[in-house]
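Containing mmCIF, C-alpha atoms: final-v6.cif.
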```
data_input
loop_
_atom_site.label_atom_id
_atom_site.label_comp_id
_atom_site.auth_asym_id
_atom_site.auth_seq_id
_atom_site.Cartn_x
_atom_site.Cartn_y
_atom_site.Cartn_z
CA MET A 21 -17.05 3.73 -48.15
CA ALA A 22 -15.31 4.19 -44.80
CA ALA A 23 -12.65 1.63 -43.83
CA VAL A 24 -13.49 -0.88 -41.11
CA HIS A 25 -11.24 -0.67 -38.03
CA ARG A 26 -10.53 -4.03 -36.38
CA VAL A 27 -9.42 -4.16 -32.74
CA ASP A 28 -9.66 -6.62 -29.86
CA VAL A 29 -11.84 -4.48 -27.60
CA ILE A 30 -13.97 -1.37 -28.08
CA VAL A 31 -14.46 0.77 -24.95
CA VAL A 32 -17.42 3.13 -25.25
CA GLY A 33 -16.90 6.00 -22.82
CA GLY A 34 -13.65 7.77 -21.99
CA GLY A 35 -14.42 9.03 -18.50
CA MET A 36 -12.43 7.94 -15.46
CA VAL A 37 -13.67 4.34 -15.45
CA GLY A 38 -13.71 3.97 -19.23
CA ALA A 39 -10.18 5.33 -19.58
CA ALA A 40 -8.95 3.08 -16.76
CA THR A 41 -10.59 0.09 -18.48
CA ALA A 42 -8.92 0.90 -21.79
CA LEU A 43 -5.55 1.37 -20.09
CA ALA A 44 -5.77 -1.95 -18.21
CA LEU A 45 -6.57 -3.73 -21.48
CA ALA A 46 -3.78 -1.93 -23.33
CA GLN A 47 -1.32 -3.06 -20.68
CA ALA A 48 -2.49 -6.62 -21.39
CA ASP A 49 -1.32 -6.15 -25.01
CA LEU A 50 -4.81 -5.97 -26.44
CA GLU A 51 -5.73 -3.69 -29.34
CA VAL A 52 -8.14 -1.14 -27.89
CA ALA A 53 -10.44 1.49 -29.41
CA VAL A 54 -11.78 4.26 -27.15
CA ILE A 55 -14.96 6.03 -28.26
CA GLU A 56 -15.58 9.37 -26.58
CA ARG A 57 -17.37 12.28 -28.20
CA GLU A 58 -15.44 14.98 -26.33
CA PRO A 59 -11.90 14.40 -25.02
CA PRO A 60 -11.19 15.95 -21.60
CA ALA A 61 -10.28 19.63 -21.73
CA PRO A 62 -6.83 20.54 -20.34
CA LEU A 63 -6.68 21.71 -16.74
CA ALA A 64 -3.78 23.89 -15.61
CA GLY A 65 -2.45 24.00 -12.07
CA ASP A 66 -3.79 27.50 -11.46
CA ASP A 67 -7.24 26.84 -12.96
CA PRO A 68 -10.26 26.95 -10.63
CA PHE A 69 -11.00 23.65 -8.94
CA ASP A 70 -13.26 21.36 -10.94
CA LEU A 71 -16.69 20.93 -9.34
CA ARG A 72 -16.78 17.15 -9.71
CA VAL A 73 -14.41 15.47 -7.27
CA SER A 74 -14.06 11.92 -5.98
CA ALA A 75 -12.88 10.39 -2.71
CA LEU A 76 -10.46 7.75 -3.99
CA ALA A 77 -9.98 4.83 -1.61
CA PRO A 78 -6.66 2.93 -1.28
CA ALA A 79 -7.90 0.12 -3.52
CA SER A 80 -8.62 2.61 -6.32
CA ILE A 81 -5.29 4.35 -5.78
CA ALA A 82 -3.51 0.99 -6.03
CA LEU A 83 -5.19 0.35 -9.39
CA LEU A 84 -4.28 3.80 -10.70
CA ASP A 85 -0.71 3.22 -9.55
CA ARG A 86 -0.54 -0.10 -11.45
CA LEU A 87 -1.83 1.74 -14.50
CA GLY A 88 0.97 4.29 -14.17
CA ALA A 89 -1.35 7.26 -13.62
CA TRP A 90 -1.32 7.86 -9.88
CA ALA A 91 1.97 9.76 -9.58
CA SER A 92 0.80 12.54 -11.89
CA ILE A 93 -2.65 12.66 -10.22
CA ARG A 94 -1.13 12.94 -6.76
CA ALA A 95 1.20 15.72 -7.89
CA GLU A 96 -1.72 17.89 -9.03
CA ARG A 97 -3.81 19.22 -6.11
CA ALA A 98 -4.73 15.84 -4.57
CA ALA A 99 -5.82 16.23 -0.93
CA LEU A 100 -5.03 13.42 1.49
CA TYR A 101 -7.45 12.62 4.32
CA ARG A 102 -6.72 10.40 7.30
CA ARG A 103 -10.02 10.58 9.15
CA MET A 104 -13.69 10.30 8.31
CA ARG A 105 -16.38 11.54 10.67
CA VAL A 106 -20.09 10.70 10.53
CA PHE A 107 -22.56 12.38 12.87
CA ASP A 108 -26.29 12.82 13.34
CA ALA A 109 -28.01 16.21 13.35
CA ALA A 110 -31.09 14.78 15.08
CA GLY A 111 -29.41 12.66 17.74
CA PRO A 112 -26.17 12.04 19.69
CA GLY A 113 -24.67 9.56 17.18
CA ASP A 114 -21.09 10.53 16.35
CA LEU A 115 -18.41 8.28 14.90
CA THR A 116 -14.90 8.90 13.55
CA PHE A 117 -12.87 6.43 11.49
CA ASP A 118 -9.09 6.81 11.58
CA ALA A 119 -6.61 5.30 9.14
CA ALA A 120 -4.14 4.70 11.98
CA GLU A 121 -6.51 2.14 13.50
CA VAL A 122 -6.10 -0.15 10.49
CA GLY A 123 -2.39 0.57 10.06
CA ARG A 124 -2.69 2.85 7.05
CA PRO A 125 -1.17 6.27 6.41
CA TYR A 126 -4.44 7.57 4.96
CA LEU A 127 -8.05 6.67 4.22
CA GLY A 128 -8.02 8.21 0.77
CA TYR A 129 -7.46 11.25 -1.42
CA ILE A 130 -9.93 13.81 -2.72
CA VAL A 131 -9.14 14.47 -6.38
CA GLU A 132 -10.77 16.32 -9.24
CA ASN A 133 -12.44 13.90 -11.66
CA ARG A 134 -11.06 15.67 -14.70
CA ARG A 135 -7.50 15.40 -13.38
CA VAL A 136 -7.92 11.64 -13.04
CA GLN A 137 -9.36 11.42 -16.54
CA LEU A 138 -6.57 13.58 -18.01
CA ALA A 139 -3.86 11.48 -16.34
CA LEU A 140 -5.39 8.28 -17.72
CA TRP A 141 -5.71 9.75 -21.23
CA SER A 142 -2.10 10.86 -21.07
CA ARG A 143 -1.03 7.31 -20.22
CA LEU A 144 -3.23 5.88 -22.99
CA ARG A 145 -1.38 8.01 -25.53
CA ASP A 146 1.82 6.18 -24.56
CA PHE A 147 0.44 2.98 -26.08
CA ASP A 148 0.61 2.23 -29.81
CA ASN A 149 -2.18 -0.34 -29.39
CA VAL A 150 -4.80 2.29 -28.44
CA GLU A 151 -6.88 4.25 -30.96
CA PHE A 152 -9.16 7.17 -30.11
CA PHE A 153 -12.43 7.81 -31.94
CA THR A 154 -13.69 11.26 -30.98
CA GLY A 155 -16.11 13.78 -32.45
CA SER A 156 -18.89 11.23 -32.96
CA GLU A 157 -20.98 8.75 -31.00
CA PRO A 158 -22.15 5.16 -31.44
CA GLN A 159 -25.24 4.61 -33.54
CA ARG A 160 -25.60 0.87 -34.21
CA LEU A 161 -24.41 -2.29 -32.43
CA GLN A 162 -24.55 -5.74 -33.99
CA SER A 163 -23.26 -8.86 -32.24
CA GLY A 164 -22.33 -11.86 -34.35
CA GLU A 165 -21.01 -15.32 -33.67
CA ARG A 166 -17.37 -14.33 -34.11
CA GLU A 167 -17.28 -10.57 -33.57
CA VAL A 168 -19.27 -7.47 -32.76
CA ALA A 169 -19.70 -4.51 -35.11
CA LEU A 170 -20.20 -0.95 -33.92
CA THR A 171 -21.05 1.90 -36.29
CA LEU A 172 -20.57 5.56 -35.37
CA ALA A 173 -22.93 8.34 -36.35
CA ASP A 174 -20.34 9.70 -38.81
CA GLY A 175 -20.25 6.37 -40.66
CA ARG A 176 -17.02 4.94 -39.25
CA GLU A 177 -17.29 1.24 -38.44
CA LEU A 178 -15.37 -0.76 -35.86
CA ARG A 179 -15.26 -4.48 -35.25
CA ALA A 180 -13.95 -6.31 -32.22
CA ASP A 181 -14.20 -9.41 -30.07
CA LEU A 182 -15.79 -7.44 -27.25
CA VAL A 183 -17.52 -4.11 -26.57
CA ILE A 184 -17.32 -2.62 -23.07
CA GLY A 185 -19.92 -0.08 -22.05
CA ALA A 186 -18.37 2.52 -19.76
CA ASP A 187 -20.75 5.22 -20.90
CA GLY A 188 -22.45 6.14 -17.66
CA GLN A 189 -25.82 5.83 -16.03
CA ARG A 190 -27.77 6.45 -19.25
CA SER A 191 -25.64 3.95 -21.12
CA TRP A 192 -26.19 3.67 -24.86
CA VAL A 193 -24.39 0.32 -24.87
CA ARG A 194 -26.69 -1.09 -22.20
CA GLU A 195 -29.77 -0.03 -24.15
CA ALA A 196 -28.42 -1.13 -27.54
CA SER A 197 -27.52 -4.59 -26.24
CA GLY A 198 -30.95 -5.10 -24.68
CA ILE A 199 -29.80 -5.27 -21.06
CA GLY A 200 -32.54 -4.12 -18.72
CA ALA A 201 -32.04 -2.20 -15.50
CA SER A 202 -33.97 -1.33 -12.36
CA SER A 203 -33.82 2.32 -11.39
CA ARG A 204 -35.49 4.97 -9.27
CA ASP A 205 -34.89 8.60 -8.45
CA TYR A 206 -34.11 9.64 -4.90
CA ALA A 207 -36.18 12.32 -3.20
CA VAL A 208 -33.15 14.63 -2.93
CA ALA A 209 -30.76 16.37 -5.31
CA ALA A 210 -27.08 17.11 -4.69
CA GLN A 211 -25.77 20.67 -4.70
CA ILE A 212 -21.99 21.03 -4.91
CA LEU A 213 -20.20 24.13 -3.67
CA SER A 214 -16.50 24.68 -4.27
CA VAL A 215 -15.50 26.94 -1.38
CA GLU A 216 -12.54 28.68 0.18
CA THR A 217 -12.38 28.42 3.96
CA ALA A 218 -10.76 30.16 6.90
CA TYR A 219 -9.29 26.81 7.95
CA PRO A 220 -5.94 25.73 6.41
CA GLN A 221 -5.46 22.38 4.67
CA GLN A 222 -7.52 19.69 6.45
CA ASP A 223 -7.08 15.91 6.67
CA ILE A 224 -10.64 14.98 7.62
CA THR A 225 -13.78 14.48 5.59
CA TRP A 226 -17.08 14.56 7.42
CA GLN A 227 -20.74 14.04 6.82
CA ARG A 228 -23.64 15.20 8.94
CA PHE A 229 -26.95 13.45 8.42
CA THR A 230 -30.05 15.62 8.62
CA PRO A 231 -33.71 14.68 8.00
CA ASP A 232 -33.55 16.67 4.74
CA GLY A 233 -30.44 14.87 3.52
CA PRO A 234 -26.70 14.66 4.29
CA GLN A 235 -24.30 17.59 4.36
CA ALA A 236 -20.71 16.68 3.51
CA PHE A 237 -17.32 18.37 3.56
CA LEU A 238 -14.51 17.07 1.35
CA PRO A 239 -11.10 18.71 1.85
CA LEU A 240 -9.36 20.08 -1.23
CA ALA A 241 -5.75 21.16 -1.52
CA GLY A 242 -5.00 24.23 0.57
CA PRO A 243 -7.68 26.23 2.45
CA ARG A 244 -10.45 24.89 0.23
CA GLY A 245 -13.20 22.33 0.31
CA SER A 246 -16.04 20.81 -1.62
CA LEU A 247 -19.43 20.94 0.09
CA VAL A 248 -22.09 18.48 -0.97
CA TRP A 249 -25.54 19.60 0.17
CA TYR A 250 -28.32 17.08 -0.34
CA ASP A 251 -31.79 18.58 -0.15
CA ALA A 252 -35.21 18.61 -1.78
CA PRO A 253 -34.83 19.43 -5.51
CA GLU A 254 -36.98 22.56 -5.30
CA ARG A 255 -34.81 24.02 -2.52
CA VAL A 256 -31.64 23.10 -4.40
CA ARG A 257 -32.92 24.84 -7.53
CA ALA A 258 -33.83 27.93 -5.51
CA ARG A 259 -30.36 28.15 -3.96
CA HIS A 260 -28.75 27.58 -7.35
CA ALA A 261 -30.21 30.96 -8.42
CA LEU A 262 -28.63 32.84 -5.50
CA SER A 263 -25.64 35.15 -5.83
CA PRO A 264 -22.32 33.74 -4.55
CA GLU A 265 -22.52 35.92 -1.43
CA ALA A 266 -26.12 34.92 -0.67
CA LEU A 267 -25.22 31.27 -1.21
CA ARG A 268 -22.24 31.64 1.13
CA GLU A 269 -24.53 33.02 3.84
CA SER A 270 -27.07 30.24 3.26
CA ALA A 271 -24.40 27.55 3.62
CA MET A 272 -22.94 29.19 6.73
CA ALA A 273 -26.39 29.19 8.33
CA ALA A 274 -27.22 25.59 7.43
CA PHE A 275 -23.91 23.74 7.84
CA PRO A 276 -22.53 22.78 11.28
CA GLU A 277 -19.87 24.78 13.10
CA GLU A 278 -17.28 22.13 12.17
CA LEU A 279 -17.17 23.76 8.75
CA GLY A 280 -15.72 26.98 10.06
CA GLU A 281 -16.02 30.18 8.06
CA ILE A 282 -16.58 30.12 4.32
CA THR A 283 -14.65 33.03 2.88
CA ARG A 284 -15.85 32.58 -0.70
CA VAL A 285 -18.02 30.36 -2.88
CA ALA A 286 -15.87 29.87 -5.98
CA ASP A 287 -18.29 27.75 -8.00
CA GLN A 288 -21.45 25.71 -7.64
CA GLY A 289 -23.71 23.28 -9.47
CA TRP A 290 -26.30 20.60 -8.81
CA PHE A 291 -27.56 17.30 -10.16
CA PRO A 292 -30.42 14.86 -9.46
CA ILE A 293 -29.63 11.47 -7.89
CA ARG A 294 -30.68 8.13 -9.28
CA ARG A 295 -30.17 4.53 -8.19
CA LEU A 296 -29.67 1.99 -10.97
CA HIS A 297 -28.62 -1.63 -11.24
CA ALA A 298 -28.44 -3.53 -14.53
CA HIS A 299 -30.29 -6.84 -14.54
CA ARG A 300 -27.05 -8.38 -15.71
CA TYR A 301 -23.59 -7.06 -16.58
CA TRP A 302 -23.22 -8.71 -19.97
CA ALA A 303 -24.86 -9.69 -23.23
CA ASP A 304 -23.42 -11.31 -26.38
CA ARG A 305 -19.89 -9.89 -26.68
CA VAL A 306 -20.83 -6.93 -24.45
CA LEU A 307 -19.79 -6.10 -20.87
CA LEU A 308 -20.80 -3.19 -18.62
CA VAL A 309 -18.57 -1.41 -16.11
CA GLY A 310 -19.05 1.50 -13.73
CA ASP A 311 -22.23 3.54 -13.77
CA ALA A 312 -23.42 1.75 -16.92
CA ALA A 313 -23.88 -1.33 -14.71
CA HIS A 314 -24.65 0.27 -11.35
CA SER A 315 -25.06 3.70 -9.81
CA ILE A 316 -25.55 4.38 -6.13
CA HIS A 317 -26.44 7.19 -3.76
CA PRO A 318 -23.22 9.26 -3.64
CA LEU A 319 -23.49 10.04 0.08
CA ALA A 320 -20.33 8.03 0.93
CA GLY A 321 -18.49 8.81 -2.29
CA GLN A 322 -18.17 5.16 -3.31
CA GLY A 323 -19.38 5.39 -6.92
CA ALA A 324 -15.96 5.90 -8.53
CA ASN A 325 -14.39 3.31 -6.24
CA LEU A 326 -16.91 0.68 -7.32
CA GLY A 327 -16.20 1.52 -10.94
CA PHE A 328 -12.46 1.11 -10.45
CA ALA A 329 -13.11 -2.18 -8.64
CA ASP A 330 -14.95 -3.32 -11.78
CA VAL A 331 -11.87 -2.47 -13.85
CA ALA A 332 -9.54 -4.40 -11.52
CA ALA A 333 -11.84 -7.44 -11.54
CA LEU A 334 -12.21 -7.41 -15.33
CA ALA A 335 -8.45 -7.15 -15.85
CA SER A 336 -7.93 -10.06 -13.45
CA VAL A 337 -10.52 -12.23 -15.18
CA ILE A 338 -9.08 -11.50 -18.64
CA ASP A 339 -5.62 -12.36 -17.34
CA GLU A 340 -6.90 -15.68 -16.00
CA LEU A 341 -9.24 -16.66 -18.83
CA GLY A 342 -8.09 -14.56 -21.78
CA ASP A 343 -6.86 -17.54 -23.77
CA ARG A 344 -10.46 -18.70 -24.05
CA GLY A 345 -11.40 -15.62 -26.04
CA LEU A 346 -12.68 -12.19 -25.06
CA GLY A 347 -16.18 -13.04 -26.31
CA ASP A 348 -16.38 -16.26 -24.27
CA VAL A 349 -19.45 -16.29 -22.05
CA ARG A 350 -17.40 -17.82 -19.23
CA LEU A 351 -15.34 -14.64 -19.05
CA ALA A 352 -18.49 -12.52 -18.83
CA ARG A 353 -20.00 -14.70 -16.12
CA ALA A 354 -16.80 -14.77 -14.10
CA TYR A 355 -16.58 -10.98 -14.19
CA GLU A 356 -20.20 -10.57 -13.07
CA ARG A 357 -19.76 -13.10 -10.23
CA ARG A 358 -16.83 -11.12 -8.87
CA ARG A 359 -18.56 -7.77 -8.94
CA ARG A 360 -22.33 -8.05 -8.64
CA ALA A 361 -22.52 -9.05 -4.97
CA ASP A 362 -20.12 -6.32 -3.85
CA ASN A 363 -21.88 -3.65 -5.89
CA HIS A 364 -25.24 -4.77 -4.52
CA LEU A 365 -23.88 -4.75 -0.95
CA VAL A 366 -22.61 -1.18 -1.17
CA GLN A 367 -25.73 -0.03 -2.99
CA SER A 368 -27.91 -1.52 -0.24
CA LEU A 369 -25.79 0.02 2.51
CA MET A 370 -26.14 3.47 0.93
CA ASP A 371 -29.91 2.98 0.62
CA GLY A 372 -30.03 1.93 4.26
CA PHE A 373 -28.12 5.00 5.41
CA ASP A 374 -30.33 7.27 3.31
CA TRP A 375 -33.55 5.69 4.63
CA GLY A 376 -32.42 5.45 8.25
CA TYR A 377 -31.08 8.97 8.60
CA ARG A 378 -33.99 10.66 6.88
CA ARG A 379 -36.50 9.34 9.42
CA ARG A 380 -37.42 11.70 12.23
CA ASP A 381 -39.32 9.45 14.67
CA PRO A 382 -37.82 8.93 18.15
CA LEU A 383 -37.57 5.15 17.77
CA THR A 384 -35.42 5.37 14.64
CA ILE A 385 -33.26 8.10 16.16
CA ALA A 386 -32.69 5.88 19.20
CA ALA A 387 -31.84 2.92 16.96
CA ARG A 388 -29.31 5.05 15.06
CA THR A 389 -27.68 6.05 18.32
CA VAL A 390 -27.43 2.45 19.51
CA ALA A 391 -25.95 1.36 16.18
CA THR A 392 -23.37 4.16 16.30
CA GLN A 393 -22.40 3.25 19.87
CA LEU A 394 -22.09 -0.39 18.86
CA VAL A 395 -19.65 0.44 16.07
CA ALA A 396 -17.73 2.85 18.31
CA ASN A 397 -17.38 0.30 21.11
CA VAL A 398 -16.64 -2.84 19.09
CA PRO A 399 -13.17 -2.36 17.59
CA PRO A 400 -13.35 -5.27 15.07
CA LEU A 401 -16.60 -3.85 13.65
CA ARG A 402 -15.19 -0.33 13.52
CA ARG A 403 -12.02 -1.59 11.80
CA TRP A 404 -14.07 -3.51 9.23
CA MET A 405 -16.11 -0.40 8.43
CA THR A 406 -12.88 1.57 8.11
CA ARG A 407 -11.55 -1.01 5.65
CA MET A 408 -14.88 -0.89 3.80
CA ALA A 409 -14.29 2.82 3.26
CA GLY A 410 -10.93 1.84 1.76
CA GLY A 411 -12.43 -0.56 -0.74
CA GLN A 412 -11.91 -3.77 1.20
CA ARG A 413 -14.67 -6.26 1.99
CA LEU A 414 -15.43 -9.12 4.34
CA ASP A 415 -13.34 -11.69 2.47
CA GLU A 416 -10.13 -9.66 2.31
#
```
Rewrite the coordinates I just gave you, this time as structure tokens.
Amino acid sequence: MAAVHRVDVIVVGGGMVGAATALALAQADLEVAVIEREPPAPLAGDDPFDLRVSALAPASIALLDRLGAWASIRAERAALYRRMRVFDAAGPGDLTFDAAEVGRPYLGYIVENRRVQLALWSRLRDFDNVEFFTGSEPQRLQSGEREVALTLADGRELRADLVIGADGQRSWVREASGIGASSRDYAVAAQILSVETAYPQQDITWQRFTPDGPQAFLPLAGPRGSLVWYDAPERVRARHALSPEALRESAMAAFPEELGEITRVADQGWFPIRRLHAHRYWADRVLLVGDAAHSIHPLAGQGANLGFADVAALASVIDELGDRGLGDVRLARAYERRRRADNHLVQSLMDGFDWGYRRRDPLTIAARTVATQLVANVPPLRRWMTRMAGGQRLDE
């Protein structure tokens, strides 16, 4: 019979948000178990750029710095951007946000997801109060009055005061704990192209809205970039089958001149897009963070930032209320109060952008233009939206 492992907290999911959650709890001197079927594969400095990248806002960077992971992330191919441009393919709307306007040296950094995950795992290994359970996956979850038991498919059993689901949009923890969620698929899919460009290192990220979906450029280190091409799934699948040269020509023809010349498509992939929001963020001795609780349209790159904001809020609540017990319902409710409204706000804003920019009628195009001019000509509103992009909200 396998031995039972007893810890304070079990974190299911070792991705960026899950690893950050585990690290924040470890820093609070809690015994933590991390369950992840496949640890992140090493990534050398001369390896091809990972397809999945994130635009980390200052609030997320501050969290990663507190966790002791940011210095190593920044040293490995992180690309700083100071400006963010948004413009309309169907109308004259054009708006640029600049970090200098809100007194910041940058708006964010574009980083490879796997590099963030690797840096967090490296930090986790510095802690004697962290255990890794890899090579298997959770199979059964049972919440009791005093603890929660989690059994892995290979028979190993863990018990803790609290289980945290950081296992993504199709969360096993959410399903096993009986937490419902509202979800729907968007009408577009996202195609990602890792490209080399004729332009040198850039400090601007931009997004052009078209009736078929946004087209985005994210600067990577050196003369490189990540293109995100939202389009109807059938067109995305058709382009996915093209040769690198044919795909390069297709992107050059479809993207705006601001992109410049693509010299090579180094890699590409695609994924469908789904919106999801859990009906609540907790159940008996269970909490949800990141995409397990909420996933949004990625058009503004805020998904990872919302997940890291969950981590910061949870760590703060545990610091304030931890003496009442990790399984205390007051802790769960306090965490949800701090995060649900903000997550819903950003999710609704992304839905609004997606709906508004996909419409082709003259009235909506005119309304978009007026809204853009309003933001451009009202400095307090423009500064607030710039801070929003950095992870700040109305009450900060």
Counting all atoms listed in the file, write as a PDB file with C-alpha atoms, keeping the file's coordinate frame all protein and nucleic acid residues lying at most 10 Å from (-21.3, 9.2, -1.6) in the file's frame.
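Result file is selection.pdb:
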```pdb
ATOM      1  CA  SER A  74     -14.060  11.920  -5.980  1.00  0.00           C
ATOM      2  CA  ALA A  75     -12.880  10.390  -2.710  1.00  0.00           C
ATOM      3  CA  GLN A 227     -20.740  14.040   6.820  1.00  0.00           C
ATOM      4  CA  PRO A 234     -26.700  14.660   4.290  1.00  0.00           C
ATOM      5  CA  ALA A 236     -20.710  16.680   3.510  1.00  0.00           C
ATOM      6  CA  VAL A 248     -22.090  18.480  -0.970  1.00  0.00           C
ATOM      7  CA  ILE A 316     -25.550   4.380  -6.130  1.00  0.00           C
ATOM      8  CA  HIS A 317     -26.440   7.190  -3.760  1.00  0.00           C
ATOM      9  CA  PRO A 318     -23.220   9.260  -3.640  1.00  0.00           C
ATOM     10  CA  LEU A 319     -23.490  10.040   0.080  1.00  0.00           C
ATOM     11  CA  ALA A 320     -20.330   8.030   0.930  1.00  0.00           C
ATOM     12  CA  GLY A 321     -18.490   8.810  -2.290  1.00  0.00           C
ATOM     13  CA  GLN A 322     -18.170   5.160  -3.310  1.00  0.00           C
ATOM     14  CA  GLY A 323     -19.380   5.390  -6.920  1.00  0.00           C
ATOM     15  CA  ALA A 324     -15.960   5.900  -8.530  1.00  0.00           C
ATOM     16  CA  MET A 370     -26.140   3.470   0.930  1.00  0.00           C
TER      17      MET A 370
END
```
To verify the selection step, state as an NGL selection string which residues the PyMOL selection byres ((chain A and resi 55-60) around 10) yields on this input.
:A and (30-35 or 38-39 or 52-54 or 61-63 or 134-135 or 137-138 or 141 or 151-158 or 172 or 186-187)
Would you translate the PyMOL selection byres ((chain A and resi 339-346) around 10) into the concrete set of residues it matches in this file, as JSON, numbers by chain?
{"A": [28, 29, 45, 48, 167, 180, 181, 182, 183, 305, 306, 333, 334, 335, 336, 337, 338, 347, 348, 349, 350, 351, 352, 354]}
Please list as a ChimeraX atom specification every residue within 8 Å of Pro239 (chain A), counting all atoms listed in the file and excluding residues in the same chain fewer than 5 positions away.
/A:99,101,130,221-225,244-246
Step by step, work through what the PyMOL selection byres ((chain A and resi 295) around 8) selects in the shown file, and finish by giving those residues as a PyMOL selection string.
chain A and resi 203-206+293-294+296-297+314-317
